[in-house]
Amino acid sequence: MAKRIQFSRHGGPEVLEYVDYQPAAPGPHEVRVHNQAIGLNFIDTYFRSGLYAPPSLPSSLGTEGAGFVDAIGSEVKGLQVGDRVAYATGPLGGYSELHVLPAEKLVKLPDAISFEQAAAVMLKGLTVQYLLRQTADLKSGDIILFHAAAGGVGSFACQWAKALGVKLIGTVSSAKKAEYAKQKGAWATIDYSHENVAQRVLELTDGKKCPVVYDGVGKDTWETSLDCVAPRGLMVSFGNASGAVTGVNLGVLSQKGSLYVTRPTLAGYANTPENLQKMADELFGMIAKGKLDVEITGRYPLSEAATAQTLLSDRKTTGSTILVP
């Protein structure tokens, strides 16, 4: 028997249960991982709340973690028991001591990267990799807007953008978070609790607005984000922290300057084992070169996942938070 977090109905953090379960043996193309650290992400709350539908109920939770290979299927190549591995793209079940998942979802973890670092950076770091390195063709000197710049994804985006020579304007909710984002590399910050985001973007860009706006917040910032995109610029909507964007009128894109919009996902970019490993290698390289600092600001026992999710949903976290089995 092992321990995991599961939920039998949708709702708030209170629906999460810490239970005993019997881990399955890996199938022919699967691997069982003995988790040493587990990542905490906003997407976890989407499945718990019902915004995203799990395959069935009761369901486990979590798509990110790192640990040792505990067992392998008969057809698995390139991995063996004891290997250090990490994962970020599912399937659900990461909030557990033992997790069975397809071998193609795993990347080998260099000795220089700890399990806690991997669990804190895989999903967020790979997200920033595809956003800044693949979704848009960013050039040194570009000025971009990135919402929630002091959060887990945002703090990595600040650092990566600075390494690319890109000027990142980050939105934040407090002076403390503004200072944190600047420490991580943000070129400028906008405190939306008392500043008008669109107006400040105009001022910071000399009226030109931004060629790319990255919005992981969703419903609450959608209209504001569009007002910050330069004519023929790109709006990248990659998350739903405040709820899903619905009822979109495509005519608005023409009215605001013939804008482009994309709704990317990590799975859409890390769509083959080769692409996943290539993206992870670049991410690990950024850490090894000291260009990306993995700051873990919260560690919680797996049994306290509900507490950790509450803090995340209330936007009371900065940097990365992990769960420890």
# chains A, B, ... in the order shown; residues from 1 in each chain; ligands from 1

$ residues_around --residues "A:Gly239" --least-positions-apart "6" --cutoff "12 Å" --atoms "only C-alpha atoms" --output "PyMOL selection string"
chain A and resi 41-46+51-52+124+127+131+146-148+153-154+214-222+245+262-266

$ residues_around --residues "stretch 286-293 of chain A" --least-positions-apart "5" --cutoff "9 Å" --atoms "only C-alpha atoms" --output "MDAnalysis selection string"
chainID A and resid 112:113 156 159:160 162:163 184 281

$ select_by_dssp --residues "stretch 21-203 of chain A" --states "alpha helix (DSSP H)" --output "VMD selection string"
chain A and resid 42 to 49 115 to 130 152 to 164 175 to 184 197 to 203

$ residues_around --residues "stretch 193-203 of chain A" --least-positions-apart "3" --cutoff "9 Å" --atoms "only C-alpha atoms" --output "PyMOL selection string"
chain A and resi 145+169+171-174+190+206-210+224-228

$ residues_around --residues "A:Pro110" --least-positions-apart "6" --cutoff "10 Å" --atoms "only C-alpha atoms" --output "list in words"
Arg84, Val85, Ala86, Ala118, Asp281, Phe284, Gly285 and Ala288 of chain A

$ select_by_dssp --residues "stretch 23-73 of chain A" --states "strand (DSSP E)" --output "list of chain:residue names"
A:Glu30, A:Val31, A:Arg32, A:Val33, A:His34, A:Asn35, A:Gln36, A:Ala37, A:Ile38, A:Gly39, A:Ser59, A:Ser60, A:Gly65, A:Ala66, A:Gly67, A:Phe68, A:Val69, A:Asp70, A:Ala71, A:Ile72

$ write_last_selection --atoms "N, CA, C and O atoms" --output "mmCIF file, in the first residue's frame"
data_model
loop_
_atom_site.group_PDB
_atom_site.id
_atom_site.type_symbol
_atom_site.label_atom_id
_atom_site.label_comp_id
_atom_site.auth_asym_id
_atom_site.auth_seq_id
_atom_site.Cartn_x
_atom_site.Cartn_y
_atom_site.Cartn_z
ATOM 1 N N GLU A 30 5.017 1.315 -19.650
ATOM 2 C CA GLU A 30 4.887 2.224 -18.514
ATOM 3 C C GLU A 30 6.042 2.068 -17.516
ATOM 4 O O GLU A 30 6.752 1.062 -17.510
ATOM 5 N N VAL A 31 6.151 3.077 -16.662
ATOM 6 C CA VAL A 31 7.166 3.103 -15.614
ATOM 7 C C VAL A 31 6.491 3.515 -14.307
ATOM 8 O O VAL A 31 5.597 4.365 -14.312
ATOM 9 N N ARG A 32 6.901 2.901 -13.218
ATOM 10 C CA ARG A 32 6.416 3.338 -11.901
ATOM 11 C C ARG A 32 7.517 4.141 -11.225
ATOM 12 O O ARG A 32 8.657 3.679 -11.105
ATOM 13 N N VAL A 33 7.164 5.351 -10.812
ATOM 14 C CA VAL A 33 8.127 6.270 -10.221
ATOM 15 C C VAL A 33 7.863 6.397 -8.722
ATOM 16 O O VAL A 33 6.717 6.583 -8.300
ATOM 17 N N HIS A 34 8.923 6.270 -7.937
ATOM 18 C CA HIS A 34 8.852 6.518 -6.489
ATOM 19 C C HIS A 34 9.146 7.997 -6.277
ATOM 20 O O HIS A 34 10.287 8.426 -6.294
ATOM 21 N N ASN A 35 8.096 8.776 -6.127
ATOM 22 C CA ASN A 35 8.244 10.221 -6.041
ATOM 23 C C ASN A 35 9.058 10.651 -4.820
ATOM 24 O O ASN A 35 8.832 10.163 -3.705
ATOM 25 N N GLN A 36 9.966 11.590 -5.055
ATOM 26 C CA GLN A 36 10.721 12.213 -3.969
ATOM 27 C C GLN A 36 10.264 13.654 -3.734
ATOM 28 O O GLN A 36 10.470 14.202 -2.652
ATOM 29 N N ALA A 37 9.661 14.239 -4.739
ATOM 30 C CA ALA A 37 9.111 15.594 -4.637
ATOM 31 C C ALA A 37 8.042 15.759 -5.709
ATOM 32 O O ALA A 37 8.127 15.157 -6.782
ATOM 33 N N ILE A 38 7.036 16.578 -5.415
ATOM 34 C CA ILE A 38 5.874 16.743 -6.287
ATOM 35 C C ILE A 38 5.612 18.227 -6.490
ATOM 36 O O ILE A 38 5.669 19.017 -5.531
ATOM 37 N N GLY A 39 5.330 18.620 -7.716
ATOM 38 C CA GLY A 39 5.064 20.016 -8.011
ATOM 39 C C GLY A 39 3.619 20.410 -7.726
ATOM 40 O O GLY A 39 2.698 19.613 -7.882
ATOM 41 N N SER A 59 -10.631 10.552 -8.420
ATOM 42 C CA SER A 59 -9.445 10.799 -9.234
ATOM 43 C C SER A 59 -8.300 11.258 -8.353
ATOM 44 O O SER A 59 -8.507 11.952 -7.346
ATOM 45 N N SER A 60 -7.105 10.877 -8.729
ATOM 46 C CA SER A 60 -5.930 11.465 -8.108
ATOM 47 C C SER A 60 -5.663 12.803 -8.777
ATOM 48 O O SER A 60 -6.446 13.271 -9.601
ATOM 49 N N GLY A 65 6.330 15.747 -11.085
ATOM 50 C CA GLY A 65 7.081 15.217 -9.958
ATOM 51 C C GLY A 65 8.440 14.730 -10.387
ATOM 52 O O GLY A 65 8.813 14.785 -11.568
ATOM 53 N N ALA A 66 9.192 14.242 -9.421
ATOM 54 C CA ALA A 66 10.527 13.720 -9.692
ATOM 55 C C ALA A 66 10.854 12.640 -8.671
ATOM 56 O O ALA A 66 10.426 12.721 -7.511
ATOM 57 N N GLY A 67 11.601 11.638 -9.118
ATOM 58 C CA GLY A 67 11.958 10.555 -8.204
ATOM 59 C C GLY A 67 12.778 9.486 -8.896
ATOM 60 O O GLY A 67 13.341 9.700 -9.973
ATOM 61 N N PHE A 68 12.808 8.302 -8.271
ATOM 62 C CA PHE A 68 13.521 7.162 -8.819
ATOM 63 C C PHE A 68 12.576 6.251 -9.603
ATOM 64 O O PHE A 68 11.392 6.125 -9.261
ATOM 65 N N VAL A 69 13.084 5.616 -10.631
ATOM 66 C CA VAL A 69 12.331 4.566 -11.307
ATOM 67 C C VAL A 69 12.231 3.382 -10.355
ATOM 68 O O VAL A 69 13.242 2.843 -9.900
ATOM 69 N N ASP A 70 10.989 2.994 -10.054
ATOM 70 C CA ASP A 70 10.724 1.912 -9.096
ATOM 71 C C ASP A 70 10.495 0.576 -9.810
ATOM 72 O O ASP A 70 10.851 -0.482 -9.300
ATOM 73 N N ALA A 71 9.879 0.617 -10.984
ATOM 74 C CA ALA A 71 9.613 -0.589 -11.773
ATOM 75 C C ALA A 71 9.373 -0.170 -13.216
ATOM 76 O O ALA A 71 8.934 0.952 -13.480
ATOM 77 N N ILE A 72 9.673 -1.071 -14.155
ATOM 78 C CA ILE A 72 9.492 -0.747 -15.570
ATOM 79 C C ILE A 72 8.728 -1.854 -16.280
ATOM 80 O O ILE A 72 8.779 -3.026 -15.881
#

$ residues_around --residues "A:Gly78" --least-positions-apart "4" --cutoff "12 Å" --atoms "only C-alpha atoms" --output "list of chain:residue names"
A:His29, A:Val31, A:Val69, A:Ile72, A:Gly73, A:Ser74, A:Asp83, A:Val85, A:Ala103, A:Glu104, A:Leu106, A:Val107, A:Lys108, A:Pro273

$ atom_distance --atom1 "atom CA of A:Ile144" --atom2 "atom CA of A:Ala88"
25.9 Å
